[in-house]
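Here the structure is laid out as structure tokens; the discussion comes afterwards.
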Amino acid sequence: MQKLTRTIQSLLEKTDLALLALCLVATGYGVVLIASATNYTDSSRNVVVQIAAAVIGIVLYFFFSVVDVEHYSEKWQWLFAFNIFFILLLLTPLGTEENGNRSWLYADWMPTSIQPAEIVKLTYTVLLAKQMAWFREHRNMRGLGSLVWPAGHAAFMFVLIFLVSSDAGSGMVYLIIYAGMAFAAGLPLYWFAIGFGVLGLGVLGLVIFDKVPTYMMERFMVLFDHSYKPEGIGWQQNRGLLALGSGGIFGQGLFNGIQTQSADPSALPERETDFIFCVAGEELGMVGCLAIIVLEALIIYRCFQTARMAKTTMGSYICVGFATMLMFQTIENIGMCLFVMPVIGLTLPFFSYGGSSIVTLFAAMGIISGIRKRRLPEWLRD
């Protein structure tokens, strides 16, 4: 018994308990919102899956807190091969399509579906951090090579995900992770300006030659004119905005939201996933929404704080990569609910329903926890 106690105590000492507590509070809050959002279905399946995924995630959090991922990144060829292989599994009979995207793996023998693009974020971020750290330590960050190779890695993953699954939203996160790391690594700002310029010209060319799918164009058009196709492309966000506005300061009450508790097809769509923030707004009001924003901000701050304390350059970049991922997904999801960002299918970290997402998030935070516990001593820091 004493040995078990010492083992648990040692494990806790190697874990960032403050970060874990923040993740648990956010996840618990999310489970309550998911329970309310799916209450009208008279099924608790989504809640059970989310809790089970959270338990698996917590185990992975402790596991990665004591495992040095930088050491295992030396086998980068295997990790890169895994990333490609896992995404390509979507082309097998296991790949299933939903809402136009072939983004999930599922079979009758599986308890729930798996989203490869979510899982691969872990190994991709570690590999990209290793790559960026190598260029930072062995090459001049102003050189073309320090731009081409990491950016090419990010672009390759985006193209692979988009071609296989047609999920541009998930692929976009990979590009944003790279941008955050590149900025932290000191890549000159003129490269960002050139990159955005080339990207802008590319998009303009696609629009001029009518190569952009109509549904993509309309997702941006509706942002500038909310009255554009209110029963079509703008319907989801109009319903979300209505739910948010109807909540006021304190909301209509948990499990009492008019749209959240309605089984009518015209009510709030995708309420347990993409529009979970709207559920909070309708039932818990502005106070409930602010609580979500504060929790997300504290988790992101903890990640950036750990990046500053990291013992190695690679560890610092890993933290920046995951923090950037959380920040982008939070801003995009909330912006989508507020009708100022396009709908691209990104969930709200720790709050939206999704087993793959919650497992990946806890594992990512576990990696950050391990980096924090292996940080430099105070007197050696800048």
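Each chain in the structure tokens gets a letter, A, B and so on, in the order shown; residues start at 1 in every chain, and ligands are counted from 1 in the order they appear.
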Near-A:Ala129 list (12 Å; only C-alpha atoms; drop same-chain fewer than 4 positions) as a JSON list (two decimals) with all heavy atoms, in the first residue's frame:
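Written output follows (selection.json):
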```
[["chain", "number", "residue", "atom", "x", "y", "z"],
["A", 69, "VAL", "N", 8.57, 13.10, -24.97],
["A", 69, "VAL", "CA", 8.25, 12.92, -26.39],
["A", 69, "VAL", "C", 9.41, 13.37, -27.28],
["A", 69, "VAL", "O", 9.54, 12.91, -28.41],
["A", 69, "VAL", "CB", 6.97, 13.68, -26.78],
["A", 69, "VAL", "CG1", 5.76, 13.12, -26.08],
["A", 69, "VAL", "CG2", 7.10, 15.18, -26.52],
["A", 70, "GLU", "N", 10.25, 14.27, -26.76],
["A", 70, "GLU", "CA", 11.39, 14.71, -27.56],
["A", 70, "GLU", "C", 12.34, 13.55, -27.83],
["A", 70, "GLU", "O", 12.96, 13.47, -28.89],
["A", 70, "GLU", "CB", 12.10, 15.85, -26.84],
["A", 70, "GLU", "CG", 11.25, 17.11, -26.71],
["A", 70, "GLU", "CD", 12.02, 18.26, -26.09],
["A", 70, "GLU", "OE1", 13.17, 18.48, -26.49],
["A", 70, "GLU", "OE2", 11.46, 18.94, -25.21],
["A", 73, "SER", "N", 10.90, 11.41, -30.55],
["A", 73, "SER", "CA", 10.82, 12.09, -31.84],
["A", 73, "SER", "C", 12.04, 11.79, -32.70],
["A", 73, "SER", "O", 12.07, 12.13, -33.89],
["A", 73, "SER", "CB", 10.68, 13.60, -31.64],
["A", 73, "SER", "OG", 11.89, 14.16, -31.14],
["A", 76, "TRP", "N", 11.60, 10.00, -36.06],
["A", 76, "TRP", "CA", 10.66, 10.86, -36.78],
["A", 76, "TRP", "C", 10.13, 10.23, -38.06],
["A", 76, "TRP", "O", 9.01, 10.51, -38.49],
["A", 76, "TRP", "CB", 11.31, 12.21, -37.08],
["A", 76, "TRP", "CG", 12.51, 12.14, -37.99],
["A", 76, "TRP", "CD1", 13.81, 12.04, -37.63],
["A", 76, "TRP", "CD2", 12.49, 12.19, -39.42],
["A", 76, "TRP", "NE1", 14.62, 12.00, -38.73],
["A", 76, "TRP", "CE2", 13.84, 12.10, -39.86],
["A", 76, "TRP", "CE3", 11.49, 12.29, -40.39],
["A", 76, "TRP", "CZ2", 14.20, 12.11, -41.19],
["A", 76, "TRP", "CZ3", 11.83, 12.30, -41.73],
["A", 76, "TRP", "CH2", 13.17, 12.22, -42.12],
["A", 121, "LYS", "N", -2.81, 15.45, -35.12],
["A", 121, "LYS", "CA", -2.33, 16.76, -34.65],
["A", 121, "LYS", "C", -1.19, 16.60, -33.63],
["A", 121, "LYS", "O", -0.26, 17.41, -33.59],
["A", 121, "LYS", "CB", -3.46, 17.55, -33.98],
["A", 121, "LYS", "CG", -4.45, 18.18, -34.92],
["A", 121, "LYS", "CD", -5.53, 18.89, -34.11],
["A", 121, "LYS", "CE", -6.66, 19.38, -34.98],
["A", 121, "LYS", "NZ", -7.76, 19.97, -34.17],
["A", 122, "LEU", "N", -1.27, 15.55, -32.81],
["A", 122, "LEU", "CA", -0.26, 15.33, -31.78],
["A", 122, "LEU", "C", 1.11, 15.07, -32.40],
["A", 122, "LEU", "O", 2.08, 15.79, -32.12],
["A", 122, "LEU", "CB", -0.65, 14.13, -30.91],
["A", 122, "LEU", "CG", -1.89, 14.28, -30.02],
["A", 122, "LEU", "CD1", -2.22, 12.93, -29.39],
["A", 122, "LEU", "CD2", -1.64, 15.32, -28.94],
["A", 123, "THR", "N", 1.19, 14.05, -33.24],
["A", 123, "THR", "CA", 2.48, 13.68, -33.82],
["A", 123, "THR", "C", 2.96, 14.74, -34.81],
["A", 123, "THR", "O", 4.16, 15.00, -34.92],
["A", 123, "THR", "CB", 2.38, 12.32, -34.51],
["A", 123, "THR", "OG1", 1.14, 12.26, -35.28],
["A", 123, "THR", "CG2", 2.35, 11.20, -33.49],
["A", 124, "TYR", "N", 2.03, 15.36, -35.53],
["A", 124, "TYR", "CA", 2.41, 16.43, -36.46],
["A", 124, "TYR", "C", 3.06, 17.59, -35.72],
["A", 124, "TYR", "O", 4.10, 18.10, -36.14],
["A", 124, "TYR", "CB", 1.17, 16.91, -37.22],
["A", 124, "TYR", "CG", 1.33, 18.26, -37.89],
["A", 124, "TYR", "CD1", 2.05, 18.38, -39.08],
["A", 124, "TYR", "CD2", 0.78, 19.42, -37.33],
["A", 124, "TYR", "CE1", 2.20, 19.61, -39.70],
["A", 124, "TYR", "CE2", 0.93, 20.65, -37.94],
["A", 124, "TYR", "CZ", 1.64, 20.74, -39.12],
["A", 124, "TYR", "OH", 1.80, 21.97, -39.73],
["A", 125, "THR", "N", 2.46, 18.02, -34.62],
["A", 125, "THR", "CA", 2.99, 19.15, -33.86],
["A", 125, "THR", "C", 4.37, 18.84, -33.29],
["A", 125, "THR", "O", 5.27, 19.67, -33.32],
["A", 125, "THR", "CB", 2.03, 19.54, -32.72],
["A", 125, "THR", "OG1", 0.75, 19.86, -33.28],
["A", 125, "THR", "CG2", 2.55, 20.74, -31.95],
["A", 133, "ALA", "N", 12.97, 23.48, -34.52],
["A", 133, "ALA", "CA", 14.06, 23.62, -33.56],
["A", 133, "ALA", "C", 15.40, 23.33, -34.23],
["A", 133, "ALA", "O", 16.40, 24.01, -33.95],
["A", 133, "ALA", "CB", 13.85, 22.68, -32.39],
["A", 134, "TRP", "N", 15.44, 22.34, -35.13],
["A", 134, "TRP", "CA", 16.68, 22.01, -35.83],
["A", 134, "TRP", "C", 17.13, 23.19, -36.68],
["A", 134, "TRP", "O", 18.32, 23.55, -36.67],
["A", 134, "TRP", "CB", 16.47, 20.78, -36.70],
["A", 134, "TRP", "CG", 17.76, 20.28, -37.31],
["A", 134, "TRP", "CD1", 18.62, 19.37, -36.78],
["A", 134, "TRP", "CD2", 18.33, 20.69, -38.56],
["A", 134, "TRP", "NE1", 19.70, 19.18, -37.61],
["A", 134, "TRP", "CE2", 19.55, 19.98, -38.71],
["A", 134, "TRP", "CE3", 17.95, 21.59, -39.55],
["A", 134, "TRP", "CZ2", 20.38, 20.13, -39.83],
["A", 134, "TRP", "CZ3", 18.78, 21.75, -40.67],
["A", 134, "TRP", "CH2", 19.97, 21.04, -40.80],
["A", 135, "PHE", "N", 16.21, 23.80, -37.42],
["A", 135, "PHE", "CA", 16.58, 24.95, -38.25],
["A", 135, "PHE", "C", 17.01, 26.13, -37.39],
["A", 135, "PHE", "O", 17.92, 26.87, -37.75],
["A", 135, "PHE", "CB", 15.40, 25.34, -39.15],
["A", 135, "PHE", "CG", 15.35, 24.56, -40.43],
["A", 135, "PHE", "CD1", 14.47, 23.50, -40.57],
["A", 135, "PHE", "CD2", 16.17, 24.88, -41.50],
["A", 135, "PHE", "CE1", 14.42, 22.77, -41.75],
["A", 135, "PHE", "CE2", 16.14, 24.15, -42.68],
["A", 135, "PHE", "CZ", 15.26, 23.10, -42.80],
["A", 136, "ARG", "N", 16.34, 26.31, -36.25],
["A", 136, "ARG", "CA", 16.69, 27.42, -35.36],
["A", 136, "ARG", "C", 18.11, 27.24, -34.79],
["A", 136, "ARG", "O", 18.85, 28.21, -34.65],
["A", 136, "ARG", "CB", 15.67, 27.50, -34.23],
["A", 136, "ARG", "CG", 15.97, 28.56, -33.18],
["A", 136, "ARG", "CD", 15.87, 29.97, -33.75],
["A", 136, "ARG", "NE", 16.27, 30.97, -32.80],
["A", 136, "ARG", "CZ", 15.43, 31.59, -31.96],
["A", 136, "ARG", "NH1", 14.13, 31.30, -31.99],
["A", 136, "ARG", "NH2", 15.86, 32.50, -31.12],
["A", 150, "PRO", "N", 9.84, 23.44, -43.32],
["A", 150, "PRO", "CA", 8.69, 23.35, -42.39],
["A", 150, "PRO", "C", 7.37, 23.74, -43.04],
["A", 150, "PRO", "O", 6.34, 23.11, -42.79],
["A", 150, "PRO", "CB", 9.09, 24.34, -41.27],
["A", 150, "PRO", "CG", 10.57, 24.46, -41.37],
["A", 150, "PRO", "CD", 10.87, 24.36, -42.83],
["A", 151, "ALA", "N", 7.39, 24.80, -43.86],
["A", 151, "ALA", "CA", 6.16, 25.22, -44.53],
["A", 151, "ALA", "C", 5.68, 24.15, -45.51],
["A", 151, "ALA", "O", 4.48, 23.91, -45.65],
["A", 151, "ALA", "CB", 6.38, 26.54, -45.27],
["A", 153, "HIS", "N", 6.16, 20.96, -45.13],
["A", 153, "HIS", "CA", 5.59, 19.91, -44.27],
["A", 153, "HIS", "C", 4.13, 20.24, -43.94],
["A", 153, "HIS", "O", 3.24, 19.40, -44.07],
["A", 153, "HIS", "CB", 6.43, 19.81, -43.00],
["A", 153, "HIS", "CG", 5.98, 18.77, -42.05],
["A", 153, "HIS", "ND1", 6.49, 18.64, -40.77],
["A", 153, "HIS", "CD2", 5.05, 17.76, -42.15],
["A", 153, "HIS", "CE1", 5.91, 17.63, -40.15],
["A", 153, "HIS", "NE2", 5.02, 17.08, -40.97],
["A", 154, "ALA", "N", 3.89, 21.50, -43.52],
["A", 154, "ALA", "CA", 2.54, 21.92, -43.16],
["A", 154, "ALA", "C", 1.61, 21.88, -44.37],
["A", 154, "ALA", "O", 0.47, 21.42, -44.29],
["A", 154, "ALA", "CB", 2.57, 23.32, -42.57],
["A", 177, "ILE", "N", -1.00, 26.05, -36.91],
["A", 177, "ILE", "CA", 0.01, 25.56, -35.97],
["A", 177, "ILE", "C", 1.40, 25.92, -36.47],
["A", 177, "ILE", "O", 2.27, 26.39, -35.72],
["A", 177, "ILE", "CB", -0.12, 24.04, -35.76],
["A", 177, "ILE", "CG1", -1.39, 23.72, -34.97],
["A", 177, "ILE", "CG2", 1.11, 23.48, -35.03],
["A", 177, "ILE", "CD1", -1.70, 22.23, -34.87],
["A", 178, "TYR", "N", 1.63, 25.71, -37.78],
["A", 178, "TYR", "CA", 2.92, 26.08, -38.36],
["A", 178, "TYR", "C", 3.18, 27.57, -38.22],
["A", 178, "TYR", "O", 4.29, 27.99, -37.84],
["A", 178, "TYR", "CB", 2.99, 25.69, -39.84],
["A", 178, "TYR", "CG", 4.07, 26.44, -40.57],
["A", 178, "TYR", "CD1", 5.41, 26.10, -40.36],
["A", 178, "TYR", "CD2", 3.78, 27.52, -41.40],
["A", 178, "TYR", "CE1", 6.42, 26.83, -40.98],
["A", 178, "TYR", "CE2", 4.77, 28.24, -42.02],
["A", 178, "TYR", "CZ", 6.10, 27.90, -41.81],
["A", 178, "TYR", "OH", 7.10, 28.63, -42.40],
["A", 179, "ALA", "N", 2.18, 28.39, -38.53],
["A", 179, "ALA", "CA", 2.35, 29.85, -38.47],
["A", 179, "ALA", "C", 2.73, 30.29, -37.06],
["A", 179, "ALA", "O", 3.61, 31.15, -36.88],
["A", 179, "ALA", "CB", 1.07, 30.54, -38.93],
["A", 180, "GLY", "N", 2.07, 29.72, -36.05],
["A", 180, "GLY", "CA", 2.39, 30.07, -34.67],
["A", 180, "GLY", "C", 3.81, 29.70, -34.30],
["A", 180, "GLY", "O", 4.53, 30.48, -33.67],
["A", 181, "MET", "N", 4.24, 28.51, -34.69],
["A", 181, "MET", "CA", 5.61, 28.07, -34.40],
["A", 181, "MET", "C", 6.63, 28.92, -35.15],
["A", 181, "MET", "O", 7.68, 29.29, -34.59],
["A", 181, "MET", "CB", 5.78, 26.60, -34.79],
["A", 181, "MET", "CG", 5.20, 25.61, -33.82],
["A", 181, "MET", "SD", 5.77, 23.96, -34.29],
["A", 181, "MET", "CE", 4.64, 22.97, -33.33],
["A", 182, "ALA", "N", 6.35, 29.21, -36.41],
["A", 182, "ALA", "CA", 7.29, 30.00, -37.21],
["A", 182, "ALA", "C", 7.47, 31.39, -36.62],
["A", 182, "ALA", "O", 8.59, 31.92, -36.58],
["A", 182, "ALA", "CB", 6.78, 30.10, -38.65],
["A", 184, "ALA", "N", 7.09, 32.17, -33.44],
["A", 184, "ALA", "CA", 7.84, 32.00, -32.20],
["A", 184, "ALA", "C", 9.32, 31.73, -32.49],
["A", 184, "ALA", "O", 10.19, 32.13, -31.70],
["A", 184, "ALA", "CB", 7.25, 30.85, -31.38],
["A", 185, "ALA", "N", 9.60, 31.06, -33.61],
["A", 185, "ALA", "CA", 10.99, 30.74, -33.96],
["A", 185, "ALA", "C", 11.75, 31.94, -34.50],
["A", 185, "ALA", "O", 12.97, 31.88, -34.66],
["A", 185, "ALA", "CB", 11.00, 29.61, -34.99],
["A", 307, "ALA", "N", 5.74, 27.32, -22.42],
["A", 307, "ALA", "CA", 6.66, 27.52, -23.55],
["A", 307, "ALA", "C", 7.83, 28.39, -23.13],
["A", 307, "ALA", "O", 8.98, 28.15, -23.53],
["A", 307, "ALA", "CB", 5.91, 28.15, -24.72],
["A", 312, "THR", "N", 14.06, 23.03, -23.48],
["A", 312, "THR", "CA", 14.61, 22.95, -24.84],
["A", 312, "THR", "C", 13.81, 23.80, -25.81],
["A", 312, "THR", "O", 12.65, 24.13, -25.56],
["A", 312, "THR", "CB", 14.61, 21.50, -25.34],
["A", 312, "THR", "OG1", 13.24, 21.05, -25.47],
["A", 312, "THR", "CG2", 15.35, 20.58, -24.38],
["A", 313, "THR", "N", 14.46, 24.13, -26.92],
["A", 313, "THR", "CA", 13.77, 24.89, -27.97],
["A", 313, "THR", "C", 12.60, 24.10, -28.53],
["A", 313, "THR", "O", 11.52, 24.65, -28.75],
["A", 313, "THR", "CB", 14.76, 25.22, -29.11],
["A", 313, "THR", "OG1", 15.87, 25.94, -28.57],
["A", 313, "THR", "CG2", 14.08, 26.07, -30.18],
["A", 314, "MET", "N", 12.81, 22.81, -28.74],
["A", 314, "MET", "CA", 11.75, 21.97, -29.27],
["A", 314, "MET", "C", 10.56, 21.93, -28.33],
["A", 314, "MET", "O", 9.41, 22.03, -28.76],
["A", 314, "MET", "CB", 12.27, 20.55, -29.52],
["A", 314, "MET", "CG", 11.21, 19.61, -30.06],
["A", 314, "MET", "SD", 11.86, 17.94, -30.34],
["A", 314, "MET", "CE", 10.32, 17.05, -30.63],
["A", 315, "GLY", "N", 10.82, 21.78, -27.04],
["A", 315, "GLY", "CA", 9.73, 21.76, -26.06],
["A", 315, "GLY", "C", 8.94, 23.05, -26.08],
["A", 315, "GLY", "O", 7.71, 23.05, -25.99],
["A", 316, "SER", "N", 9.64, 24.17, -26.23],
["A", 316, "SER", "CA", 8.97, 25.47, -26.29],
["A", 316, "SER", "C", 8.06, 25.55, -27.50],
["A", 316, "SER", "O", 6.92, 26.03, -27.41],
["A", 316, "SER", "CB", 10.03, 26.58, -26.35],
["A", 316, "SER", "OG", 9.42, 27.85, -26.40],
["A", 317, "TYR", "N", 8.55, 25.05, -28.65],
["A", 317, "TYR", "CA", 7.75, 25.12, -29.88],
["A", 317, "TYR", "C", 6.53, 24.20, -29.82],
["A", 317, "TYR", "O", 5.48, 24.52, -30.38],
["A", 317, "TYR", "CB", 8.61, 24.77, -31.09],
["A", 317, "TYR", "CG", 9.68, 25.78, -31.40],
["A", 317, "TYR", "CD1", 10.72, 25.50, -32.26],
["A", 317, "TYR", "CD2", 9.66, 27.05, -30.82],
["A", 317, "TYR", "CE1", 11.71, 26.42, -32.55],
["A", 317, "TYR", "CE2", 10.64, 27.98, -31.10],
["A", 317, "TYR", "CZ", 11.66, 27.66, -31.96],
["A", 317, "TYR", "OH", 12.63, 28.59, -32.23],
["A", 318, "ILE", "N", 6.68, 23.07, -29.16],
["A", 318, "ILE", "CA", 5.52, 22.17, -28.99],
["A", 318, "ILE", "C", 4.41, 22.90, -28.23],
["A", 318, "ILE", "O", 3.24, 22.86, -28.62],
["A", 318, "ILE", "CB", 5.93, 20.89, -28.24],
["A", 318, "ILE", "CG1", 6.81, 20.00, -29.11],
["A", 318, "ILE", "CG2", 4.69, 20.10, -27.80],
["A", 318, "ILE", "CD1", 7.39, 18.79, -28.40],
["A", 319, "CYS", "N", 4.79, 23.57, -27.15],
["A", 319, "CYS", "CA", 3.81, 24.32, -26.35],
["A", 319, "CYS", "C", 3.15, 25.42, -27.17],
["A", 319, "CYS", "O", 1.93, 25.62, -27.11],
["A", 319, "CYS", "CB", 4.48, 24.92, -25.11],
["A", 319, "CYS", "SG", 5.11, 23.71, -23.94],
["A", 320, "VAL", "N", 3.96, 26.14, -27.95],
["A", 320, "VAL", "CA", 3.42, 27.21, -28.80],
["A", 320, "VAL", "C", 2.46, 26.63, -29.84],
["A", 320, "VAL", "O", 1.39, 27.19, -30.11],
["A", 320, "VAL", "CB", 4.56, 27.97, -29.50],
["A", 320, "VAL", "CG1", 4.00, 28.91, -30.57],
["A", 320, "VAL", "CG2", 5.36, 28.77, -28.48],
["A", 321, "GLY", "N", 2.83, 25.47, -30.41],
["A", 321, "GLY", "CA", 1.98, 24.84, -31.41],
["A", 321, "GLY", "C", 0.62, 24.46, -30.86],
["A", 321, "GLY", "O", -0.42, 24.78, -31.47],
["A", 322, "PHE", "N", 0.60, 23.84, -29.70],
["A", 322, "PHE", "CA", -0.68, 23.44, -29.11],
["A", 322, "PHE", "C", -1.48, 24.66, -28.64],
["A", 322, "PHE", "O", -2.71, 24.68, -28.74],
["A", 322, "PHE", "CB", -0.45, 22.47, -27.95],
["A", 322, "PHE", "CG", -0.04, 21.10, -28.37],
["A", 322, "PHE", "CD1", 0.97, 20.41, -27.70],
["A", 322, "PHE", "CD2", -0.65, 20.47, -29.45],
["A", 322, "PHE", "CE1", 1.35, 19.12, -28.10],
["A", 322, "PHE", "CE2", -0.28, 19.20, -29.85],
["A", 322, "PHE", "CZ", 0.72, 18.52, -29.18]]
```
**OP:** Do a neighbour search on A:Ile34 at 10 Å with only C-alpha atoms, toss out local chain neighbours closer than 2 positions, and write the hits as a PyMOL selection string.
**Re:** chain A and resi 28-32+36-39+44+46-47+50+271-273+276+279-280+351-353
Please save N, CA, C and O atoms of the selected residues as a PDB file, in the first residue's frame.
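Below you can see result_17.pdb, which holds the result:
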```
ATOM      1  N   GLY A  28     -15.799  19.195 -17.693  1.00  0.00           N
ATOM      2  CA  GLY A  28     -17.017  18.978 -16.907  1.00  0.00           C
ATOM      3  C   GLY A  28     -18.125  19.930 -17.314  1.00  0.00           C
ATOM      4  O   GLY A  28     -19.292  19.537 -17.453  1.00  0.00           O
ATOM      5  N   TYR A  29     -17.749  21.182 -17.519  1.00  0.00           N
ATOM      6  CA  TYR A  29     -18.706  22.189 -17.994  1.00  0.00           C
ATOM      7  C   TYR A  29     -19.262  21.767 -19.354  1.00  0.00           C
ATOM      8  O   TYR A  29     -20.470  21.833 -19.618  1.00  0.00           O
ATOM      9  N   GLY A  30     -18.360  21.290 -20.219  1.00  0.00           N
ATOM     10  CA  GLY A  30     -18.777  20.847 -21.543  1.00  0.00           C
ATOM     11  C   GLY A  30     -19.734  19.675 -21.490  1.00  0.00           C
ATOM     12  O   GLY A  30     -20.706  19.616 -22.251  1.00  0.00           O
ATOM     13  N   VAL A  31     -19.479  18.719 -20.596  1.00  0.00           N
ATOM     14  CA  VAL A  31     -20.364  17.558 -20.457  1.00  0.00           C
ATOM     15  C   VAL A  31     -21.766  17.993 -20.055  1.00  0.00           C
ATOM     16  O   VAL A  31     -22.767  17.474 -20.562  1.00  0.00           O
ATOM     17  N   VAL A  32     -21.856  18.969 -19.146  1.00  0.00           N
ATOM     18  CA  VAL A  32     -23.167  19.483 -18.722  1.00  0.00           C
ATOM     19  C   VAL A  32     -23.890  20.109 -19.911  1.00  0.00           C
ATOM     20  O   VAL A  32     -25.094  19.887 -20.118  1.00  0.00           O
ATOM     21  N   SER A  36     -27.373  18.853 -21.819  1.00  0.00           N
ATOM     22  CA  SER A  36     -28.528  19.711 -22.090  1.00  0.00           C
ATOM     23  C   SER A  36     -28.844  19.753 -23.585  1.00  0.00           C
ATOM     24  O   SER A  36     -30.005  19.693 -23.983  1.00  0.00           O
ATOM     25  N   ALA A  37     -27.783  19.829 -24.405  1.00  0.00           N
ATOM     26  CA  ALA A  37     -27.966  19.937 -25.853  1.00  0.00           C
ATOM     27  C   ALA A  37     -28.585  18.684 -26.462  1.00  0.00           C
ATOM     28  O   ALA A  37     -29.245  18.743 -27.505  1.00  0.00           O
ATOM     29  N   THR A  38     -28.382  17.531 -25.822  1.00  0.00           N
ATOM     30  CA  THR A  38     -28.912  16.273 -26.358  1.00  0.00           C
ATOM     31  C   THR A  38     -30.086  15.752 -25.529  1.00  0.00           C
ATOM     32  O   THR A  38     -30.560  14.637 -25.769  1.00  0.00           O
ATOM     33  N   ASN A  39     -30.551  16.534 -24.597  1.00  0.00           N
ATOM     34  CA  ASN A  39     -31.652  16.121 -23.721  1.00  0.00           C
ATOM     35  C   ASN A  39     -32.922  15.792 -24.500  1.00  0.00           C
ATOM     36  O   ASN A  39     -33.663  14.875 -24.146  1.00  0.00           O
ATOM     37  N   SER A  44     -28.628   9.239 -23.655  1.00  0.00           N
ATOM     38  CA  SER A  44     -27.442   9.726 -22.936  1.00  0.00           C
ATOM     39  C   SER A  44     -26.148   9.240 -23.591  1.00  0.00           C
ATOM     40  O   SER A  44     -25.073   9.352 -22.995  1.00  0.00           O
ATOM     41  N   ASN A  46     -24.236  10.337 -26.083  1.00  0.00           N
ATOM     42  CA  ASN A  46     -23.192  11.335 -26.291  1.00  0.00           C
ATOM     43  C   ASN A  46     -22.487  11.702 -24.989  1.00  0.00           C
ATOM     44  O   ASN A  46     -21.273  11.898 -24.958  1.00  0.00           O
ATOM     45  N   VAL A  47     -23.248  11.796 -23.916  1.00  0.00           N
ATOM     46  CA  VAL A  47     -22.664  12.117 -22.615  1.00  0.00           C
ATOM     47  C   VAL A  47     -21.744  10.998 -22.157  1.00  0.00           C
ATOM     48  O   VAL A  47     -20.626  11.249 -21.677  1.00  0.00           O
ATOM     49  N   GLN A  50     -18.564  11.024 -24.226  1.00  0.00           N
ATOM     50  CA  GLN A  50     -17.694  12.145 -23.853  1.00  0.00           C
ATOM     51  C   GLN A  50     -16.974  11.874 -22.527  1.00  0.00           C
ATOM     52  O   GLN A  50     -15.780  12.160 -22.396  1.00  0.00           O
ATOM     53  N   ARG A 271     -26.020  21.333 -32.204  1.00  0.00           N
ATOM     54  CA  ARG A 271     -25.923  22.042 -30.923  1.00  0.00           C
ATOM     55  C   ARG A 271     -24.928  21.439 -29.947  1.00  0.00           C
ATOM     56  O   ARG A 271     -24.425  22.146 -29.073  1.00  0.00           O
ATOM     57  N   GLU A 272     -24.639  20.150 -30.067  1.00  0.00           N
ATOM     58  CA  GLU A 272     -23.679  19.536 -29.139  1.00  0.00           C
ATOM     59  C   GLU A 272     -22.246  19.605 -29.662  1.00  0.00           C
ATOM     60  O   GLU A 272     -21.301  19.282 -28.938  1.00  0.00           O
ATOM     61  N   THR A 273     -22.058  20.048 -30.901  1.00  0.00           N
ATOM     62  CA  THR A 273     -20.708  20.110 -31.488  1.00  0.00           C
ATOM     63  C   THR A 273     -20.350  21.550 -31.869  1.00  0.00           C
ATOM     64  O   THR A 273     -19.861  22.313 -31.050  1.00  0.00           O
ATOM     65  N   ILE A 276     -22.090  24.543 -29.614  1.00  0.00           N
ATOM     66  CA  ILE A 276     -22.220  24.359 -28.166  1.00  0.00           C
ATOM     67  C   ILE A 276     -22.129  25.697 -27.435  1.00  0.00           C
ATOM     68  O   ILE A 276     -22.735  25.883 -26.374  1.00  0.00           O
ATOM     69  N   VAL A 279     -25.494  27.121 -27.116  1.00  0.00           N
ATOM     70  CA  VAL A 279     -26.261  26.464 -26.052  1.00  0.00           C
ATOM     71  C   VAL A 279     -25.976  27.167 -24.726  1.00  0.00           C
ATOM     72  O   VAL A 279     -26.895  27.477 -23.957  1.00  0.00           O
ATOM     73  N   ALA A 280     -24.694  27.435 -24.476  1.00  0.00           N
ATOM     74  CA  ALA A 280     -24.312  28.146 -23.249  1.00  0.00           C
ATOM     75  C   ALA A 280     -24.938  29.532 -23.216  1.00  0.00           C
ATOM     76  O   ALA A 280     -25.435  29.993 -22.177  1.00  0.00           O
ATOM     77  N   PHE A 351     -15.136  21.635 -24.873  1.00  0.00           N
ATOM     78  CA  PHE A 351     -16.564  21.826 -24.637  1.00  0.00           C
ATOM     79  C   PHE A 351     -17.447  21.064 -25.628  1.00  0.00           C
ATOM     80  O   PHE A 351     -18.451  20.480 -25.229  1.00  0.00           O
ATOM     81  N   SER A 352     -17.071  21.067 -26.895  1.00  0.00           N
ATOM     82  CA  SER A 352     -17.881  20.385 -27.907  1.00  0.00           C
ATOM     83  C   SER A 352     -17.785  18.874 -27.770  1.00  0.00           C
ATOM     84  O   SER A 352     -16.772  18.337 -27.315  1.00  0.00           O
ATOM     85  N   TYR A 353     -18.855  18.202 -28.200  1.00  0.00           N
ATOM     86  CA  TYR A 353     -18.861  16.739 -28.204  1.00  0.00           C
ATOM     87  C   TYR A 353     -17.880  16.220 -29.244  1.00  0.00           C
ATOM     88  O   TYR A 353     -17.807  16.729 -30.362  1.00  0.00           O
TER      89      TYR A 353
END
```
Subject >> Selection near stretch 85-99 of chain A, 8 Å with only C-alpha atoms, sequence-local residues under 3 positions removed, as a PyMOL selection string >> reply: chain A and resi 81-82+102-107+116-117+120+160-161+164-165
Subject >> Spatial neighbours of stretch 247-255 of chain A, max dist 7 Å, only C-alpha atoms, sep filter under 4 positions, as a PyMOL selection string >> reply: chain A and resi 36+243+261+281-287
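Atom pair atom CA of A:Phe192 / atom CA of A:Val126: separated by 22.1 Å.
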Original post:
For the atom pair atom CA of A:Leu242 and atom CA of A:Phe275, what is the interatomic distance in Å to one decimal place?
Top reply: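 Atom-to-atom, atom CA of A:Leu242 to atom CA of A:Phe275, that is 11.8 Å.
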Original post:
Which of stretch 58-286 of chain A counts as alpha helix (DSSP H) under DSSP, as a PyMOL selection string please?
Top reply: chain A and resi 58-66+69-72+76-88+116-138+145-165+168-185+189-208+214-224+235-247+276-286
**OP:** Return the single residue from A:Val67, A:Leu206, A:Cys289, A:Val48 that is closest to A:Gly370, with distances computed using only C-alpha atoms.
**Re:**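 Nearest candidate to A:Gly370 out of A:Val67, A:Leu206, A:Cys289, A:Val48: A:Val67.
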